[in-house]
Amino acid sequence: MNRNNFWRNLVRYHTLLLMLLPGVLFFILVAYIPMAGIVLAFKKYNYNDGIFGSPWNGFDNFKFFLQSGDAWDVTRNTVLYNIAFIIVNNLLPIIMAILLFEVAKKWFRKVIQTMMFLPYFLSWVVVGAIAYNLFNYDFGLVNGLLRGVGMEPIDIYNTPAYWPTILVIVSAWKAVGYGSIMYLAAITGIDTEMYEAAEIDGANVFQRIWKITIPNLLPTVIILVLLAVGNVFRGDFGLFYNMVGNNGLLFESTNVIDTFVFRALTLTSDIGMSSAAGFYQSILGFVTILAANYAVRKYDKDRALF
Amino acid sequence: MKVSKKKSFLLLLTLLLTLSMAISACSGNNSKSNQSESTGKTNNSAATAETNVAGTETDIDTSKEVRLKMVMLGAKPADSQKVYDEINKKLKEKINATVEVEYLDWADWSQKYPIKFAANEDFDLIYTSNWAFYNDQATKGGFLELTEDLLKKYAPVAKANIPEVNWDQAKVNGKIYMIPNNHMEVVDKLSLIREDLRQKYNLPEVNSLESFATYLKTIAKNEKGVTAYSDAAGNGVVWHDLDLQTLFQLNNWRLLNYAVPIAFKADDPTGKLFNVIETPEYKDLLNYYKDLADNGVWPKNIINNKADIWPQVKSGKVSMITQNLLTLASNMAEAKRENANVNLKIVTLSPNAKTSAAIATQNGMGIHATSKNPERALMALDLFQNNKEIHDLVLLGIAGEHYKPEGDDKYSAGPMAANYGGYSTWGFNSNINRENLDTPKEALDMLNELKSRVYHYPLEKFVFDDTNVKNEISNINNVMIRYNAPLEYGAIENTNEGYAQLAKQLKTAGLEKVQQEMQSQIDAFLAAQ
């Protein structure tokens, strides 16, 4: 009976399945096969013996991270930043997408969209250099303005408290264009008949947004958030490293797992130890995504990923 | 019905979009592990090549043309292609081989360098040095071991010319992995200051910590638009860039690992190690630096500065630069050549200290363990280092264009000098190097003076094996970036609190364990002497 179903489905959805094939192959090739490299996290790697021949050393590679005394701090930073990024970088694009959708003028929509999308193409190195020229104490634009209006300059690169806000804003600035295009596509796909019906029934703009647009966007939001949750233990290295650099004064509020590992291992360049850190992040990420998916399932079975 | 179908299609679309996003995000990581995977498969080729060499002891067969890939550090010179075309003509004629150079830029070489080995990229020759992963990669098996037989057969001139002591210094665990340079060099750091500004304010000669501070503070106070001191601290330094001069050279201390604040006195025959952070000299220096920082000697956000400062010194925006003598001499020559509006002078803060000669591993060339043509690579190295024509070409460029030969052993800059050089050809330095006539006289005087103070100490050749304390060293590295650099650059308001924090964190990171490990290795080394 079941088997019959399988074959029937295979025939019925053959086009869709065929479309899926390249993606599946891609993931097998670049995600599943290299996964065997995880063994490096438990090995004392040397070139002569290679990945599988190198001697095992148990959990030695994990020690440096756990012994450092910073493991808890950097893990907490990573998670908190990522939660902030997930909230801000989904909320802002949704708002922008709804606003853009409600704007009638097409040219205006296009201009705004393009302007929002531009930062997405800037490399973090460039963004870091721009930030340095904005925030520098001696010649930065911000402090130049403050001095200009007769106020005391602020030493941004010496004050950890400013940085969570700065990093969230910069991340949003770079991500909002991309996200809003995705949500705009989702909104455009909502059946217009619903809007027409609502209009006939006398719903105003806010009611339309609240009762039609947002409920229809929810599945997309949930998928995106679930996918992002899986990466909640991975710090965006480009963002953190290029914005903060090696400024130790800011580490307490900006050090994430990725930058911590990078700075610790630049001199030793031990592949086993960096693999161990990556493995640690993957395991935690895996557990989180299972938990998040379970929570979504509890709430609404159809909206869970699996 | 219609609605839900559309919805599910849309869902699929967004899913695909996000997946493609995830893919592009992941691919960076994956390609790395992908490449390193291949390491296991191809690492046999070197071994077979070696046995081939041993097997065909008779004549060297160069009938098959080979292309050698050479990795160098530094920016690609504008005329690289032109010069290497010339070199390749000669190499082709002599050993039926050509070389192709890949340049790893200074900005990120230290990240790319180990990856080249870890990913087992295809290259034959690579620059290496005690500051460029030599010990690290040799222990990991990245370089081909250069056995007595290999050297005698394929690099006979280098084998004969380079003194035995240099070969000894190039050994890691008793084996040779590089052809070291064959040229006496001093590695002490010195400073270039603005002599015109010093005279303008009628300041005393700069030759001590006090006179140095006076110079810096006067400029910071009086010269608007000139920064007294700056450096590229943003590149992840663990020490203040001046420490080599103000702490280590001055007191004649030597570190075993750049990131670990454990040192010994060079003239102490027992090699007794001590914690640098706990010395009164270090504590005094902290106050010295704090005073400089509070007087605005360097920019407040110097820890975030990544820009190379030589261009700013040349244009008069920064009043000094710190480097080794050779670099400073070429800086001076460059400023003179370009008629820069600054009058520079070389100064030392430790006029009486003992100088260390560079040990042989300061510059050298290694052969990749999986090179497909190690014999030809060795032969090429021998020519680069010891064949007059090729040696001059690779070091100085084309005669008449990039340099003007003066007699047999001297040269001066040619009209196109700026278009060639500036990368790690030091690995080829040897006793046939031409002397630069453009080197300012005072730089030569300084060189001779430094050479007269060169001091050889028993632990010169000692190489620390960090295998047992890797975890601790990684954590100490992090602690030094995080707590020592800001403290030394005076960015922490309360020096005492900052100091207490640093000492505490270093202890937590396992400094004592590293010190014990280092001491036991040193004791064993000295006992074996």
# chains A, B, ... in the order shown; residues from 1 in each chain; ligands from 1
call {"tool": "residues_around", "arguments": {"residues": "Gly278 of chain A", "least_positions_apart": "2", "cutoff": "12 Å", "atoms": "only C-alpha atoms", "output": "PyMOL selection string"}}
result
(chain A and resi 35+37-42+61-62+65+231+233-235+257-262+271-276+280-285) or (chain B and resi 29-30+33)
call {"tool": "write_last_selection", "arguments": {"atoms": "C-alpha atoms", "output": "mmCIF file, in the first residue's frame"}}
result
data_model
loop_
_atom_site.group_PDB
_atom_site.id
_atom_site.type_symbol
_atom_site.label_atom_id
_atom_site.label_comp_id
_atom_site.auth_asym_id
_atom_site.auth_seq_id
_atom_site.Cartn_x
_atom_site.Cartn_y
_atom_site.Cartn_z
ATOM 1 C CA MET A 35 31.312 15.966 6.855
ATOM 2 C CA GLY A 37 36.312 15.778 7.964
ATOM 3 C CA ILE A 38 34.740 16.135 11.410
ATOM 4 C CA VAL A 39 37.169 13.433 12.557
ATOM 5 C CA LEU A 40 39.843 16.152 12.461
ATOM 6 C CA ALA A 41 38.378 17.580 15.653
ATOM 7 C CA PHE A 42 39.544 14.449 17.456
ATOM 8 C CA ASN A 61 41.479 19.750 20.749
ATOM 9 C CA PHE A 62 38.447 20.963 22.683
ATOM 10 C CA PHE A 65 38.418 26.505 24.221
ATOM 11 C CA ASN A 231 23.237 29.166 12.926
ATOM 12 C CA PHE A 233 26.081 29.617 17.537
ATOM 13 C CA ARG A 234 27.989 30.887 14.538
ATOM 14 C CA GLY A 235 29.196 34.460 14.773
ATOM 15 C CA ILE A 257 33.171 32.194 19.123
ATOM 16 C CA ASP A 258 34.529 32.701 15.617
ATOM 17 C CA THR A 259 36.691 35.719 16.402
ATOM 18 C CA PHE A 260 37.905 34.149 19.635
ATOM 19 C CA VAL A 261 39.079 31.033 17.836
ATOM 20 C CA PHE A 262 40.638 33.032 15.014
ATOM 21 C CA ILE A 271 43.646 22.606 12.109
ATOM 22 C CA GLY A 272 42.478 20.098 14.705
ATOM 23 C CA MET A 273 41.766 22.830 17.217
ATOM 24 C CA SER A 274 39.824 24.994 14.772
ATOM 25 C CA SER A 275 37.846 21.948 13.624
ATOM 26 C CA ALA A 276 36.993 21.258 17.254
ATOM 27 C CA TYR A 280 31.241 22.524 18.975
ATOM 28 C CA GLN A 281 29.237 25.189 17.120
ATOM 29 C CA SER A 282 27.611 22.635 14.818
ATOM 30 C CA ILE A 283 26.489 20.383 17.658
ATOM 31 C CA LEU A 284 24.983 23.268 19.615
ATOM 32 C CA GLY A 285 23.346 24.585 16.427
ATOM 33 C CA ASN B 29 33.975 26.615 4.880
ATOM 34 C CA ASN B 30 33.343 23.561 2.835
ATOM 35 C CA SER B 33 37.611 20.978 4.200
#
call {"tool": "closest_atom_pairs", "arguments": {"of": "chain A", "to": "chain B", "cutoff": "8 Å", "atoms": "only C-alpha atoms", "output": "Markdown table"}}
result
| residue | atom | partner | partner_atom | distance |
| --- | --- | --- | --- | --- |
| A:Val30 | CA | B:Asn30 | CA | 6.2 |
| A:Ala31 | CA | B:Asn30 | CA | 6.9 |
| A:Pro34 | CA | B:Asn34 | CA | 5.9 |
| A:Gly37 | CA | B:Ser33 | CA | 6.5 |
| A:Tyr45 | CA | B:Lys140 | CA | 7.8 |
| A:Asn46 | CA | B:Lys140 | CA | 4.9 |
| A:Tyr47 | CA | B:Gly141 | CA | 5.5 |
| A:Asn48 | CA | B:Gly141 | CA | 5.9 |
| A:Asp49 | CA | B:Gly40 | CA | 6.7 |
| A:Gly50 | CA | B:Gly40 | CA | 4.0 |
| A:Ile51 | CA | B:Gly40 | CA | 5.9 |
| A:Phe52 | CA | B:Gly40 | CA | 7.4 |
| A:Gly53 | CA | B:Gly40 | CA | 7.8 |
| A:Asn61 | CA | B:Asn471 | CA | 7.9 |
| A:Lys63 | CA | B:Asn471 | CA | 6.7 |
| A:Phe64 | CA | B:Asn471 | CA | 4.3 |
| A:Phe65 | CA | B:Asn471 | CA | 7.9 |
| A:Gln67 | CA | B:Ala509 | CA | 7.5 |
| A:Ser68 | CA | B:Asn475 | CA | 5.9 |
| A:Gly69 | CA | B:Thr508 | CA | 7.7 |
| A:Tyr132 | CA | B:Asn304 | CA | 7.6 |
| A:Asn136 | CA | B:Asn301 | CA | 6.5 |
| A:Tyr137 | CA | B:Lys300 | CA | 6.4 |
| A:Asp138 | CA | B:Pro299 | CA | 6.8 |
| A:Tyr157 | CA | B:Asn301 | CA | 6.4 |
| A:Asn158 | CA | B:Ala491 | CA | 7.3 |
| A:Met182 | CA | B:Thr14 | CA | 7.3 |
| A:Ala186 | CA | B:Leu10 | CA | 6.8 |
| A:Gly189 | CA | B:Leu10 | CA | 6.9 |
| A:Ile190 | CA | B:Lys7 | CA | 7.6 |
| A:Asp191 | CA | B:Val3 | CA | 6.8 |
| A:Pro219 | CA | B:Leu11 | CA | 7.5 |
| A:Thr220 | CA | B:Leu11 | CA | 6.5 |
| A:Ile223 | CA | B:Leu15 | CA | 7.5 |
| A:Leu224 | CA | B:Thr18 | CA | 7.2 |
| A:Val244 | CA | B:Asn304 | CA | 7.5 |
| A:Gly245 | CA | B:Asn304 | CA | 6.1 |
| A:Asn246 | CA | B:Gly236 | CA | 5.2 |
| A:Asn247 | CA | B:Ile303 | CA | 5.6 |
| A:Gly248 | CA | B:Arg482 | CA | 3.7 |
| A:Leu249 | CA | B:Pro486 | CA | 6.5 |
| A:Phe251 | CA | B:Arg482 | CA | 7.0 |
| A:Phe260 | CA | B:Asn478 | CA | 7.5 |
| A:Arg263 | CA | B:Asn478 | CA | 6.1 |
| A:Ala264 | CA | B:Ser474 | CA | 4.7 |
| A:Leu265 | CA | B:Ser474 | CA | 5.8 |
| A:Thr266 | CA | B:Gln111 | CA | 7.2 |
| A:Leu267 | CA | B:Ser474 | CA | 7.6 |
| A:Thr268 | CA | B:Ser474 | CA | 6.8 |
| A:Ser269 | CA | B:Pro114 | CA | 7.0 |
call {"tool": "select_by_dssp", "arguments": {"residues": "segment 239-404 of chain B", "states": "helix (DSSP H, G or I)", "output": "JSON, numbers by chain"}}
result
{"B": [243, 244, 245, 246, 247, 248, 249, 250, 251, 276, 277, 278, 280, 281, 282, 283, 284, 285, 286, 287, 288, 289, 290, 291, 292, 293, 294, 302, 303, 304, 310, 311, 312, 313, 314, 325, 326, 327, 328, 329, 330, 331, 332, 333, 334, 335, 336, 337, 360, 361, 362, 374, 375, 376, 377, 378, 379, 380, 381, 382, 383, 384, 385, 386, 388, 389, 390, 391, 392, 393, 394, 395, 396]}
call {"tool": "select_by_dssp", "arguments": {"residues": "segment 78-279 of chain B", "states": "strand (DSSP E)", "output": "PyMOL selection string"}}
result
chain B and resi 97-104+125-128+171-172+175-176+178-180+189-194+253-255+262-265+273-275
call {"tool": "closest_residue", "arguments": {"among": "A:Leu290, A:Ile86, A:Ile181, A:Val205", "to": "Val232 of chain A", "atoms": "only C-alpha atoms"}}
result
A:Ile86
call {"tool": "residues_around", "arguments": {"residues": "segment 79-84 of chain A", "least_positions_apart": "6", "cutoff": "12 Å", "atoms": "only C-alpha atoms", "output": "VMD selection string"}}
result
chain A and resid 72 to 73 90 to 92 163 to 169 171 to 172 225 to 226 228 to 236 239 to 240 253 to 258 281 284 to 285 288
call {"tool": "atom_distance", "arguments": {"atom1": "atom CA of Gly490 of chain B", "atom2": "atom CA of Leu250 of chain B"}}
result
20.7 Å
call {"tool": "residues_around", "arguments": {"residues": "Pro119 of chain A", "least_positions_apart": "5", "cutoff": "8 Å", "atoms": "only C-alpha atoms", "output": "MDAnalysis selection string"}}
result
chainID A and resid 173:175 177
call {"tool": "closest_residue", "arguments": {"among": "B:Gly364, B:Tyr420, B:Ser412, B:Met379", "to": "Trp131 of chain B", "atoms": "only C-alpha atoms"}}
result
B:Gly364
call {"tool": "atom_distance", "arguments": {"atom1": "atom CA of Val394 of chain B", "atom2": "atom CA of Ala335 of chain B"}}
result
23.7 Å
call {"tool": "closest_residue", "arguments": {"among": "A:Val142, A:Leu29, A:Leu184, A:Val125", "to": "Arg109 of chain A", "atoms": "only C-alpha atoms"}}
result
A:Leu184
call {"tool": "closest_residue", "arguments": {"among": "B:Thr361, B:Lys441, B:Met72, B:Lys513", "to": "Asp168 of chain B", "atoms": "only C-alpha atoms"}}
result
B:Thr361
